[in-house]
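Engineer: So here's final_14.pdb (PDB, C-alpha atoms).
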ATOM      1  CA  MET A   1      13.725 -29.846   1.862
ATOM      2  CA  ILE A   2      14.132 -28.269  -1.565
ATOM      3  CA  PRO A   3      17.835 -28.043  -2.474
ATOM      4  CA  GLY A   4      18.871 -24.403  -2.828
ATOM      5  CA  ALA A   5      15.777 -23.020  -1.102
ATOM      6  CA  HIS A   6      16.373 -20.679   1.786
ATOM      7  CA  TYR A   7      15.556 -22.066   5.254
ATOM      8  CA  ASP A   8      17.945 -20.238   7.629
ATOM      9  CA  GLN A   9      16.009 -18.219  10.167
ATOM     10  CA  ARG A  10      17.038 -15.281  12.305
ATOM     11  CA  TRP A  11      15.409 -15.106  15.694
ATOM     12  CA  TRP A  12      14.076 -11.812  16.984
ATOM     13  CA  ASP A  13      16.199 -12.264  20.134
ATOM     14  CA  ASP A  14      19.431 -12.243  18.078
ATOM     15  CA  VAL A  15      18.709  -9.091  16.059
ATOM     16  CA  HIS A  16      20.310  -5.814  17.076
ATOM     17  CA  GLU A  17      19.448  -2.303  15.930
ATOM     18  CA  GLY A  18      21.931  -0.926  13.427
ATOM     19  CA  GLU A  19      22.698  -4.394  12.031
ATOM     20  CA  GLU A  20      23.417  -4.390   8.276
ATOM     21  CA  LEU A  21      21.596  -6.670   5.849
ATOM     22  CA  PRO A  22      23.694  -8.481   3.221
ATOM     23  CA  ARG A  23      23.884  -6.585  -0.069
ATOM     24  CA  ILE A  24      22.272  -8.233  -3.093
ATOM     25  CA  ASP A  25      23.293  -7.349  -6.659
ATOM     26  CA  ASP A  26      20.912  -8.394  -9.422
ATOM     27  CA  GLU A  27      21.530  -7.794 -13.120
ATOM     28  CA  ILE A  28      18.306  -6.839 -14.879
ATOM     29  CA  THR A  29      18.315  -7.970 -18.498
ATOM     30  CA  TYR A  30      15.579  -7.246 -21.055
ATOM     31  CA  ARG A  31      14.390 -10.802 -20.504
ATOM     32  CA  ARG A  32      13.951 -10.151 -16.769
ATOM     33  CA  VAL A  33      11.904  -6.991 -17.432
ATOM     34  CA  VAL A  34       9.658  -8.797 -19.894
ATOM     35  CA  MET A  35       9.134 -11.452 -17.201
ATOM     36  CA  ASN A  36       7.309  -8.650 -15.285
ATOM     37  CA  PRO A  37       4.168  -8.742 -17.452
ATOM     38  CA  ALA A  38       4.449 -12.526 -17.780
ATOM     39  CA  THR A  39       4.451 -13.144 -14.030
ATOM     40  CA  THR A  40       2.394 -10.244 -12.631
ATOM     41  CA  TRP A  41      -0.154  -9.785 -15.457
ATOM     42  CA  ASP A  42       0.689  -6.081 -15.526
ATOM     43  CA  TYR A  43       0.650  -5.238 -19.251
ATOM     44  CA  PHE A  44       1.524  -1.561 -18.905
ATOM     45  CA  PRO A  45       3.674  -0.969 -22.037
ATOM     46  CA  GLY A  46       6.494   0.753 -20.102
ATOM     47  CA  HIS A  47       7.553  -2.773 -19.094
ATOM     48  CA  HIS A  48       7.683  -4.389 -22.541
ATOM     49  CA  ASP A  49       7.691  -1.727 -25.276
ATOM     50  CA  PRO A  50      10.875   0.423 -25.524
ATOM     51  CA  GLU A  51       9.194   2.787 -27.985
ATOM     52  CA  TYR A  52       6.426   3.500 -25.500
ATOM     53  CA  ALA A  53       8.960   3.991 -22.679
ATOM     54  CA  ARG A  54      10.767   6.589 -24.854
ATOM     55  CA  SER A  55       7.492   8.428 -25.475
ATOM     56  CA  GLN A  56       7.246   8.729 -21.674
ATOM     57  CA  GLY A  57      10.663  10.382 -21.492
ATOM     58  CA  GLN A  58      12.476   7.187 -20.379
ATOM     59  CA  PRO A  59      15.444   5.690 -22.266
ATOM     60  CA  THR A  60      13.975   2.164 -22.416
ATOM     61  CA  ILE A  61      11.710  -0.319 -20.608
ATOM     62  CA  TYR A  62      11.930  -0.495 -16.824
ATOM     63  CA  ILE A  63      10.843  -2.878 -14.061
ATOM     64  CA  ASN A  64       7.341  -2.602 -12.642
ATOM     65  CA  THR A  65       6.171  -1.752  -9.129
ATOM     66  CA  MET A  66       5.646  -5.401  -8.218
ATOM     67  CA  HIS A  67       9.229  -6.292  -9.175
ATOM     68  CA  PHE A  68      10.535  -3.481  -6.921
ATOM     69  CA  MET A  69       8.346  -4.732  -4.068
ATOM     70  CA  GLY A  70       9.382  -8.351  -4.654
ATOM     71  CA  PHE A  71      13.072  -7.429  -4.659
ATOM     72  CA  ILE A  72      12.736  -5.379  -1.444
ATOM     73  CA  ASP A  73      11.006  -8.338   0.235
ATOM     74  CA  ARG A  74      13.742 -10.635  -1.077
ATOM     75  CA  VAL A  75      16.418  -8.416   0.515
ATOM     76  CA  ALA A  76      14.475  -8.391   3.812
ATOM     77  CA  THR A  77      13.642 -12.097   4.055
ATOM     78  CA  THR A  78      16.939 -13.409   2.663
ATOM     79  CA  TRP A  79      18.433 -11.827   5.769
ATOM     80  CA  ALA A  80      15.564 -12.687   8.131
ATOM     81  CA  GLY A  81      14.521 -16.135   6.888
ATOM     82  CA  PRO A  82      11.367 -17.841   5.610
ATOM     83  CA  ARG A  83       9.523 -17.822   8.943
ATOM     84  CA  SER A  84       9.330 -14.021   8.822
ATOM     85  CA  PHE A  85       5.958 -12.426   8.175
ATOM     86  CA  ILE A  86       6.071  -9.273   6.051
ATOM     87  CA  ALA A  87       3.636  -7.097   8.011
ATOM     88  CA  ARG A  88       4.155  -3.819   6.176
ATOM     89  CA  ARG A  89       6.236  -2.345   3.375
ATOM     90  CA  LYS A  90       6.285   1.329   2.369
ATOM     91  CA  MET A  91       8.345   2.291  -0.636
ATOM     92  CA  SER A  92       8.799   5.219  -2.934
ATOM     93  CA  MET A  93      10.105   4.969  -6.472
ATOM     94  CA  ARG A  94      12.336   7.904  -7.268
ATOM     95  CA  ARG A  95      14.139   6.580 -10.309
ATOM     96  CA  PRO A  96      13.373   3.573 -12.523
ATOM     97  CA  ILE A  97      15.562   0.479 -12.900
ATOM     98  CA  PHE A  98      15.983   0.080 -16.658
ATOM     99  CA  ALA A  99      16.727  -3.038 -18.678
ATOM    100  CA  GLY A 100      20.522  -3.275 -18.638
ATOM    101  CA  ASP A 101      20.875  -1.869 -15.105
ATOM    102  CA  THR A 102      22.054  -3.758 -12.041
ATOM    103  CA  MET A 103      19.722  -3.480  -9.086
ATOM    104  CA  VAL A 104      21.548  -3.243  -5.757
ATOM    105  CA  GLY A 105      19.667  -4.031  -2.558
ATOM    106  CA  ALA A 106      20.940  -3.127   0.907
ATOM    107  CA  GLY A 107      19.480  -2.394   4.303
ATOM    108  CA  ARG A 108      19.839  -2.051   8.037
ATOM    109  CA  VAL A 109      17.762  -2.685  11.136
ATOM    110  CA  SER A 110      16.336   0.632  12.288
ATOM    111  CA  ARG A 111      14.208  -0.619  15.169
ATOM    112  CA  LYS A 112      13.532  -3.748  17.228
ATOM    113  CA  TYR A 113      10.370  -3.754  19.314
ATOM    114  CA  THR A 114       7.302  -5.644  20.484
ATOM    115  CA  ASP A 115       3.650  -4.866  19.966
ATOM    116  CA  SER A 116       1.269  -6.038  22.706
ATOM    117  CA  GLY A 117      -1.794  -4.357  21.228
ATOM    118  CA  GLY A 118      -3.346  -7.555  19.827
ATOM    119  CA  ALA A 119      -4.248 -10.964  21.228
ATOM    120  CA  THR A 120      -0.584 -12.034  21.263
ATOM    121  CA  VAL A 121       2.711 -10.181  21.637
ATOM    122  CA  ARG A 122       4.284  -9.602  18.228
ATOM    123  CA  HIS A 123       8.063  -9.507  17.891
ATOM    124  CA  LEU A 124       8.869  -6.952  15.230
ATOM    125  CA  VAL A 125      11.827  -5.431  13.441
ATOM    126  CA  GLU A 126      11.780  -2.388  11.225
ATOM    127  CA  LEU A 127      14.228  -2.328   8.322
ATOM    128  CA  GLU A 128      15.357   0.533   6.117
ATOM    129  CA  VAL A 129      15.945  -1.054   2.715
ATOM    130  CA  THR A 130      17.359   0.726  -0.320
ATOM    131  CA  VAL A 131      17.347  -0.230  -3.969
ATOM    132  CA  SER A 132      20.012   1.579  -5.993
ATOM    133  CA  ASN A 133      21.408   1.157  -9.484
ATOM    134  CA  GLN A 134      24.977   0.325 -10.582
ATOM    135  CA  ARG A 135      25.877   4.039 -10.511
ATOM    136  CA  GLY A 136      24.955   4.250  -6.831
ATOM    137  CA  GLU A 137      21.843   6.350  -7.509
ATOM    138  CA  LEU A 138      19.022   5.722  -5.041
ATOM    139  CA  CYS A 139      16.025   4.325  -6.936
ATOM    140  CA  ALA A 140      13.634   3.046  -4.279
ATOM    141  CA  PRO A 141      13.973   3.573  -0.530
ATOM    142  CA  ALA A 142      11.646   1.428   1.586
ATOM    143  CA  THR A 143      10.660   0.713   5.173
ATOM    144  CA  VAL A 144       9.780  -2.903   5.906
ATOM    145  CA  ILE A 145       8.269  -4.259   9.131
ATOM    146  CA  LEU A 146       8.809  -7.971   9.737
ATOM    147  CA  GLU A 147       7.384 -10.155  12.451
ATOM    148  CA  LEU A 148      10.003 -12.704  13.524
ATOM    149  CA  PRO A 149       9.810 -15.827  15.655
ATOM    150  CA  ALA A 150      11.115 -15.341  19.196
ATOM    151  CA  ARG A 151      12.592 -17.963  21.523
ATOM    152  CA  GLY A 152      10.274 -19.040  24.290
ATOM    153  CA  ALA A 153       7.406 -17.079  22.742
ATOM    154  CA  GLY A 154       5.614 -20.223  21.603
TER
ATOM    155  CA  MET B   1       0.962   1.770 -28.421
ATOM    156  CA  SER B   2      -1.022   3.821 -25.977
ATOM    157  CA  VAL B   3      -2.597   3.270 -22.608
ATOM    158  CA  ARG B   4      -6.315   3.299 -21.959
ATOM    159  CA  LEU B   5      -6.881   6.085 -19.416
ATOM    160  CA  ALA B   6     -10.067   8.034 -18.754
ATOM    161  CA  GLU B   7      -9.874  11.600 -20.095
ATOM    162  CA  GLY B   8     -11.204  14.691 -18.392
ATOM    163  CA  SER B   9     -10.271  17.770 -16.433
ATOM    164  CA  TYR B  10      -8.712  18.206 -13.012
ATOM    165  CA  GLU B  11     -12.159  19.339 -11.774
ATOM    166  CA  ASP B  12     -13.703  16.071 -13.042
ATOM    167  CA  ALA B  13     -11.029  14.154 -11.144
ATOM    168  CA  ARG B  14     -11.467  16.214  -7.928
ATOM    169  CA  ALA B  15     -15.199  15.521  -8.054
ATOM    170  CA  MET B  16     -14.425  11.794  -7.897
ATOM    171  CA  ILE B  17     -12.446  11.974  -4.642
ATOM    172  CA  GLY B  18     -14.011   9.621  -2.141
ATOM    173  CA  THR B  19     -15.460   7.435  -4.883
ATOM    174  CA  ARG B  20     -15.466   3.804  -3.919
ATOM    175  CA  ALA B  21     -15.331   1.427  -6.863
ATOM    176  CA  GLU B  22     -17.467  -1.676  -6.936
ATOM    177  CA  VAL B  23     -15.824  -4.702  -5.358
ATOM    178  CA  GLU B  24     -13.872  -6.632  -7.980
ATOM    179  CA  PHE B  25     -13.772 -10.376  -7.455
ATOM    180  CA  ALA B  26     -10.838 -12.416  -8.689
ATOM    181  CA  ASP B  27     -11.457 -14.635 -11.709
ATOM    182  CA  HIS B  28      -9.190 -17.334 -10.295
ATOM    183  CA  ALA B  29      -7.672 -18.535  -7.049
ATOM    184  CA  VAL B  30      -4.137 -17.702  -5.906
ATOM    185  CA  THR B  31      -2.043 -20.307  -7.722
ATOM    186  CA  TRP B  32       1.309 -21.858  -6.917
ATOM    187  CA  ALA B  33       2.315 -22.037 -10.600
ATOM    188  CA  LEU B  34       2.282 -18.262 -10.986
ATOM    189  CA  ILE B  35       3.931 -17.822  -7.562
ATOM    190  CA  LYS B  36       6.878 -19.905  -8.841
ATOM    191  CA  TYR B  37       7.145 -17.870 -12.032
ATOM    192  CA  PHE B  38       7.094 -14.627 -10.043
ATOM    193  CA  CYS B  39       9.752 -15.916  -7.628
ATOM    194  CA  ALA B  40      11.846 -16.997 -10.602
ATOM    195  CA  MET B  41      11.599 -13.443 -11.940
ATOM    196  CA  VAL B  42      12.647 -11.944  -8.590
ATOM    197  CA  GLN B  43      15.058 -14.866  -7.897
ATOM    198  CA  ASP B  44      13.697 -15.291  -4.383
ATOM    199  CA  SER B  45      14.539 -18.697  -2.831
ATOM    200  CA  ASN B  46      12.371 -18.244   0.312
ATOM    201  CA  ALA B  47      11.171 -21.773   1.244
ATOM    202  CA  SER B  48       7.659 -20.418   1.962
ATOM    203  CA  TYR B  49       7.181 -20.049  -1.797
ATOM    204  CA  TRP B  50       8.903 -23.262  -2.957
ATOM    205  CA  ASP B  51       8.548 -26.018  -0.339
ATOM    206  CA  PRO B  52       4.948 -27.186   0.249
ATOM    207  CA  ASP B  53       5.851 -29.199   3.382
ATOM    208  CA  PHE B  54       7.685 -26.302   4.995
ATOM    209  CA  ALA B  55       4.977 -23.832   3.970
ATOM    210  CA  GLU B  56       2.173 -26.092   5.246
ATOM    211  CA  ALA B  57       3.845 -26.444   8.661
ATOM    212  CA  GLN B  58       4.725 -22.748   8.931
ATOM    213  CA  TRP B  59       1.831 -20.954   7.252
ATOM    214  CA  GLY B  60      -0.855 -23.527   6.486
ATOM    215  CA  GLY B  61       0.029 -23.694   2.797
ATOM    216  CA  ILE B  62       2.182 -22.248   0.030
ATOM    217  CA  VAL B  63       2.331 -18.481   0.501
ATOM    218  CA  SER B  64       1.995 -15.784  -2.137
ATOM    219  CA  PRO B  65       4.710 -13.137  -2.109
ATOM    220  CA  PRO B  66       2.950 -10.005  -0.780
ATOM    221  CA  ALA B  67       4.216  -8.164  -3.878
ATOM    222  CA  MET B  68       1.769 -10.233  -5.982
ATOM    223  CA  LEU B  69      -1.301  -8.802  -4.247
ATOM    224  CA  LEU B  70      -2.571  -6.900  -7.314
ATOM    225  CA  THR B  71      -1.924  -9.841  -9.609
ATOM    226  CA  TRP B  72      -4.557 -11.936  -7.867
ATOM    227  CA  VAL B  73      -7.358  -9.561  -8.890
ATOM    228  CA  MET B  74      -6.196  -8.984 -12.479
ATOM    229  CA  ALA B  75      -8.498 -10.348 -15.163
ATOM    230  CA  PRO B  76      -7.519 -11.736 -18.559
ATOM    231  CA  ASP B  77      -7.505  -9.015 -21.260
ATOM    232  CA  TRP B  78     -10.101 -10.966 -23.207
ATOM    233  CA  GLN B  79     -12.812 -13.332 -22.081
ATOM    234  CA  PRO B  80     -15.843 -14.596 -24.011
ATOM    235  CA  GLN B  81     -18.195 -12.687 -21.712
ATOM    236  CA  SER B  82     -16.028  -9.534 -21.482
ATOM    237  CA  PRO B  83     -13.895  -8.896 -24.569
ATOM    238  CA  GLU B  84     -12.611  -5.541 -23.208
ATOM    239  CA  PRO B  85      -9.815  -5.545 -20.599
ATOM    240  CA  LYS B  86     -10.860  -4.576 -17.072
ATOM    241  CA  THR B  87      -9.001  -1.619 -15.593
ATOM    242  CA  LEU B  88      -8.141  -0.633 -12.050
ATOM    243  CA  LEU B  89      -9.738   2.475 -10.549
ATOM    244  CA  LEU B  90      -6.478   4.383 -10.961
ATOM    245  CA  ALA B  91      -6.875   4.127 -14.758
ATOM    246  CA  ARG B  92     -10.458   5.372 -14.596
ATOM    247  CA  ILE B  93      -9.722   8.819 -13.120
ATOM    248  CA  PRO B  94     -10.526  11.491 -15.724
ATOM    249  CA  LEU B  95      -7.464  13.711 -16.287
ATOM    250  CA  PRO B  96      -5.952  15.371 -19.343
ATOM    251  CA  ASP B  97      -2.525  13.671 -19.248
ATOM    252  CA  PRO B  98      -1.671  10.679 -21.459
ATOM    253  CA  THR B  99       0.585   8.494 -19.316
ATOM    254  CA  VAL B 100       1.375   7.335 -15.783
ATOM    255  CA  ILE B 101       4.223   6.156 -13.596
ATOM    256  CA  SER B 102       3.941   4.698 -10.094
ATOM    257  CA  VAL B 103       5.697   6.672  -7.372
ATOM    258  CA  GLU B 104       4.722   5.239  -3.999
ATOM    259  CA  THR B 105       3.131   2.188  -2.399
ATOM    260  CA  ASP B 106       2.280   1.215   1.155
ATOM    261  CA  THR B 107       1.178  -2.351   1.823
ATOM    262  CA  GLU B 108      -0.060  -3.696   5.134
ATOM    263  CA  LEU B 109      -0.685  -7.426   5.462
ATOM    264  CA  PHE B 110      -3.065  -8.834   8.086
ATOM    265  CA  ARG B 111      -2.479 -12.511   7.378
ATOM    266  CA  PRO B 112      -0.517 -14.616   4.872
ATOM    267  CA  ILE B 113      -2.104 -14.982   1.436
ATOM    268  CA  ARG B 114      -2.054 -18.642   0.471
ATOM    269  CA  ALA B 115      -2.451 -20.655  -2.706
ATOM    270  CA  GLY B 116      -6.151 -21.454  -2.960
ATOM    271  CA  ASP B 117      -7.367 -18.105  -1.586
ATOM    272  CA  TRP B 118      -9.905 -16.204  -3.686
ATOM    273  CA  LEU B 119      -9.370 -12.491  -3.172
ATOM    274  CA  ASN B 120     -11.518  -9.480  -3.886
ATOM    275  CA  VAL B 121     -10.618  -5.807  -3.830
ATOM    276  CA  GLU B 122     -12.420  -2.592  -3.008
ATOM    277  CA  GLU B 123     -10.667   0.570  -4.235
ATOM    278  CA  THR B 124     -11.250   4.170  -3.154
ATOM    279  CA  LEU B 125      -9.943   7.341  -4.760
ATOM    280  CA  VAL B 126      -8.292   9.201  -1.876
ATOM    281  CA  ASP B 127      -6.711  12.248  -3.488
ATOM    282  CA  VAL B 128      -5.829  14.040  -6.719
ATOM    283  CA  SER B 129      -3.144  16.704  -6.283
ATOM    284  CA  ALA B 130      -3.026  20.106  -7.914
ATOM    285  CA  ARG B 131      -0.915  20.261 -11.065
ATOM    286  CA  LYS B 132       2.787  19.772 -10.298
ATOM    287  CA  SER B 133       5.973  19.857 -12.277
ATOM    288  CA  THR B 134       8.639  17.129 -11.966
ATOM    289  CA  GLU B 135      11.713  16.001 -13.903
ATOM    290  CA  LEU B 136       9.433  13.880 -16.126
ATOM    291  CA  GLY B 137       6.796  16.460 -16.916
ATOM    292  CA  GLU B 138       3.672  18.114 -15.588
ATOM    293  CA  GLY B 139       0.718  16.346 -14.077
ATOM    294  CA  HIS B 140      -1.235  15.206 -11.040
ATOM    295  CA  PHE B 141      -0.490  12.762  -8.247
ATOM    296  CA  VAL B 142      -3.368  10.316  -7.859
ATOM    297  CA  THR B 143      -3.735   8.370  -4.600
ATOM    298  CA  THR B 144      -5.913   5.285  -4.294
ATOM    299  CA  GLU B 145      -6.427   2.944  -1.402
ATOM    300  CA  ALA B 146      -7.547  -0.651  -1.705
ATOM    301  CA  VAL B 147      -8.766  -3.190   0.820
ATOM    302  CA  PHE B 148      -8.195  -6.800  -0.178
ATOM    303  CA  ARG B 149     -10.436  -9.409   1.372
ATOM    304  CA  ALA B 150     -10.558 -13.190   1.333
ATOM    305  CA  GLY B 151     -13.603 -15.096   0.105
ATOM    306  CA  ASP B 152     -15.150 -15.087   3.597
ATOM    307  CA  GLY B 153     -14.920 -11.291   3.763
ATOM    308  CA  THR B 154     -11.939 -11.107   6.144
ATOM    309  CA  PRO B 155      -9.574  -8.237   5.255
ATOM    310  CA  VAL B 156      -6.159  -9.667   4.324
ATOM    311  CA  ALA B 157      -4.367  -6.512   3.189
ATOM    312  CA  ARG B 158      -4.565  -2.769   2.769
ATOM    313  CA  TYR B 159      -2.755  -1.192  -0.176
ATOM    314  CA  ARG B 160      -2.158   2.501  -0.857
ATOM    315  CA  HIS B 161      -0.816   3.523  -4.246
ATOM    316  CA  VAL B 162       0.321   6.916  -5.536
ATOM    317  CA  LEU B 163       0.906   7.405  -9.209
ATOM    318  CA  PHE B 164       1.896  10.376 -11.328
ATOM    319  CA  ARG B 165      -0.425  11.021 -14.251
ATOM    320  CA  TYR B 166       1.628  13.278 -16.530
ATOM    321  CA  THR B 167       2.426  14.800 -19.885
ATOM    322  CA  PRO B 168       6.075  14.054 -20.708
ATOM    323  CA  ARG B 169       8.345  17.081 -20.889
ATOM    324  CA  LYS B 170       9.878  15.653 -24.038
ATOM    325  CA  PRO B 171      10.497  12.150 -25.286
ATOM    326  CA  ALA B 172      14.075  10.991 -24.557
ATOM    327  CA  GLY B 173      16.647  11.826 -27.219
ATOM    328  CA  GLN B 174      14.742  14.790 -28.694
TER
END
Represent the structure contained in this file as structure tokens.

Structural biologist:
Amino acid sequence: MIPGAHYDQRWWDDVHEGEELPRIDDEITYRRVVMNPATTWDYFPGHHDPEYARSQGQPTIYINTMHFMGFIDRVATTWAGPRSFIARRKMSMRRPIFAGDTMVGAGRVSRKYTDSGGATVRHLVELEVTVSNQRGELCAPATVILELPARGAG
Amino acid sequence: MSVRLAEGSYEDARAMIGTRAEVEFADHAVTWALIKYFCAMVQDSNASYWDPDFAEAQWGGIVSPPAMLLTWVMAPDWQPQSPEPKTLLLARIPLPDPTVISVETDTELFRPIRAGDWLNVEETLVDVSARKSTELGEGHFVTTEAVFRAGDGTPVARYRHVLFRYTPRKPAGQ
């Protein structure tokens, strides 16, 4: 066990549609944005050069696509647990998260279902996850499908 | 600073629809070190990314966050044999506009991506929209689709990306 790592798991059986995911607030400093190119190897200047971001019509540097996706997955699996498989994630980016903003993640369970189309029955949940900023403006809505462990499913 | 994007007309771009880029092979395997740095950036404490014993029992090894998919096929900006940076297909679409912003992604995962995997990617240009006007400026929506495969050729993920290639309405503060 790694102290502080997240091990708690939700079982598919215990999930109910309409359930709310815990909200996560995350303050995005300039340092965090510059960690985008450092950790994803995405050197697009909108994520490290404020002058370039301004030439694009943005006030300053903003987080990259992979940071949005990583945060959405964090919101989903912090609720669901580390034995959840992220099967699909669709997201649209309507408004950037800028250095200095606070990113707010929230979500709810929109569907609980099984898929028997493959070799084994998959126990799935569909989540509607939202990323907003500190002013409550919707920045990135997403739909995430997780496969969860189920009791007695082996 | 500017961004290296292919220049051309909307007609040039339309003519490329359906183009499948050559398969790009990763220069390096999926590595736990970079996974940790990414998870530190996102502040994700999921044990699948941090605890090798847990991850081995659950997934057969340390897992890559699915959000890092593109990272695993990025190449260093400079290498002795290729001093020019490699670019993704979405940067090679000829259009008149000088900059881009991502607007949509759709990722489907077929199996966990693990430290030690060597990925490759095959990208296709799916669509280039007619010229549209948004809050940011005028330009075209460019849609690409990529299939990621493991070293043995098994598809591990499908990734669809829409970006807006545009001319800014006006720089902020002017």

Engineer: Applied to the shown file, which residues does the PyMOL selection byres ((chain A) within 7 of (chain B)) return, written as a PDB file with C-alpha atoms, in the frame of the given file?

Structural biologist:
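The file below, part.pdb, is the result:
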ATOM      1  CA  MET A   1      13.725 -29.846   1.862  1.00  0.00           C
ATOM      2  CA  ILE A   2      14.132 -28.269  -1.565  1.00  0.00           C
ATOM      3  CA  ALA A   5      15.777 -23.020  -1.102  1.00  0.00           C
ATOM      4  CA  HIS A   6      16.373 -20.679   1.786  1.00  0.00           C
ATOM      5  CA  TYR A   7      15.556 -22.066   5.254  1.00  0.00           C
ATOM      6  CA  ARG A  32      13.951 -10.151 -16.769  1.00  0.00           C
ATOM      7  CA  MET A  35       9.134 -11.452 -17.201  1.00  0.00           C
ATOM      8  CA  THR A  39       4.451 -13.144 -14.030  1.00  0.00           C
ATOM      9  CA  THR A  40       2.394 -10.244 -12.631  1.00  0.00           C
ATOM     10  CA  TRP A  41      -0.154  -9.785 -15.457  1.00  0.00           C
ATOM     11  CA  TYR A  52       6.426   3.500 -25.500  1.00  0.00           C
ATOM     12  CA  ARG A  54      10.767   6.589 -24.854  1.00  0.00           C
ATOM     13  CA  SER A  55       7.492   8.428 -25.475  1.00  0.00           C
ATOM     14  CA  GLN A  56       7.246   8.729 -21.674  1.00  0.00           C
ATOM     15  CA  GLY A  57      10.663  10.382 -21.492  1.00  0.00           C
ATOM     16  CA  GLN A  58      12.476   7.187 -20.379  1.00  0.00           C
ATOM     17  CA  PRO A  59      15.444   5.690 -22.266  1.00  0.00           C
ATOM     18  CA  THR A  65       6.171  -1.752  -9.129  1.00  0.00           C
ATOM     19  CA  MET A  66       5.646  -5.401  -8.218  1.00  0.00           C
ATOM     20  CA  HIS A  67       9.229  -6.292  -9.175  1.00  0.00           C
ATOM     21  CA  MET A  69       8.346  -4.732  -4.068  1.00  0.00           C
ATOM     22  CA  GLY A  70       9.382  -8.351  -4.654  1.00  0.00           C
ATOM     23  CA  PHE A  71      13.072  -7.429  -4.659  1.00  0.00           C
ATOM     24  CA  ARG A  74      13.742 -10.635  -1.077  1.00  0.00           C
ATOM     25  CA  PRO A  82      11.367 -17.841   5.610  1.00  0.00           C
ATOM     26  CA  ARG A  83       9.523 -17.822   8.943  1.00  0.00           C
ATOM     27  CA  ALA A  87       3.636  -7.097   8.011  1.00  0.00           C
ATOM     28  CA  ARG A  88       4.155  -3.819   6.176  1.00  0.00           C
ATOM     29  CA  ARG A  89       6.236  -2.345   3.375  1.00  0.00           C
ATOM     30  CA  LYS A  90       6.285   1.329   2.369  1.00  0.00           C
ATOM     31  CA  MET A  91       8.345   2.291  -0.636  1.00  0.00           C
ATOM     32  CA  SER A  92       8.799   5.219  -2.934  1.00  0.00           C
ATOM     33  CA  MET A  93      10.105   4.969  -6.472  1.00  0.00           C
ATOM     34  CA  ARG A  94      12.336   7.904  -7.268  1.00  0.00           C
TER      35      ARG A  94
END

Engineer: Taking all atoms listed in the file into account, name the residue in B:Phe148, B:Leu95, B:Asp127, B:Val30 that is nearest to B:Arg165.

Structural biologist: B:Leu95

Engineer: For A:Ile86, which residue among A:Val109, A:Ile72, A:Val131, A:Ala140 is the nearest when counting only C-alpha atoms?

Structural biologist: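 The answer is A:Ile72, which sits nearest to A:Ile86.
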
Engineer: Kindly list the centre and edge lengths in Å, rounded to one decimal, for the axis-aligned box that covers all listed atoms of stretch 69-78 of chain A plus 3 Å on each of its six sides, as JSON.

Structural biologist:
{"center_x": 12.6, "center_y": -9.1, "center_z": -0.3, "size_x": 14.6, "size_y": 14.7, "size_z": 14.7}

Engineer: Taking 2 positions as the minimum chain separation for residues in the same chain, which residues sit within 10 Å of A:Leu138 when counting only C-alpha atoms? Answer as a PyMOL selection string.

Structural biologist: chain A and resi 93-96+104+130-136+140-141

Engineer: Quick one: pull the distance between atom CA of A:Ile61 and atom CA of A:Glu27, Å, one decimal.

Structural biologist: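 Between atom CA of A:Ile61 and atom CA of A:Glu27 the gap is 14.4 Å.
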
Engineer: Missing atoms in stretch 102-111 of chain B need filling: write out N, CA and C atoms for it as a compact mmCIF listing (two decimals), keeping the file's coordinate frame.

Structural biologist:
# COMPACT_ATOMS: atom_id res chain seq x y z
N SER B 102 4.19 4.89 -11.53
CA SER B 102 3.94 4.70 -10.09
C SER B 102 5.04 5.37 -9.30
N VAL B 103 4.67 6.00 -8.17
CA VAL B 103 5.70 6.67 -7.37
C VAL B 103 5.78 6.19 -5.93
N GLU B 104 4.71 5.62 -5.41
CA GLU B 104 4.72 5.24 -4.00
C GLU B 104 3.73 4.12 -3.73
N THR B 105 4.10 3.19 -2.85
CA THR B 105 3.13 2.19 -2.40
C THR B 105 3.32 1.96 -0.91
N ASP B 106 2.24 1.56 -0.27
CA ASP B 106 2.28 1.22 1.16
C ASP B 106 1.36 0.00 1.32
N THR B 107 1.93 -1.11 1.71
CA THR B 107 1.18 -2.35 1.82
C THR B 107 1.19 -2.83 3.26
N GLU B 108 0.03 -3.14 3.79
CA GLU B 108 -0.06 -3.70 5.13
C GLU B 108 -0.75 -5.05 5.01
N LEU B 109 -0.14 -6.08 5.58
CA LEU B 109 -0.68 -7.43 5.46
C LEU B 109 -1.23 -7.87 6.81
N PHE B 110 -2.46 -8.40 6.82
CA PHE B 110 -3.06 -8.83 8.09
C PHE B 110 -2.90 -10.32 8.32
N ARG B 111 -2.76 -11.08 7.24
CA ARG B 111 -2.48 -12.51 7.38
C ARG B 111 -1.83 -12.99 6.08
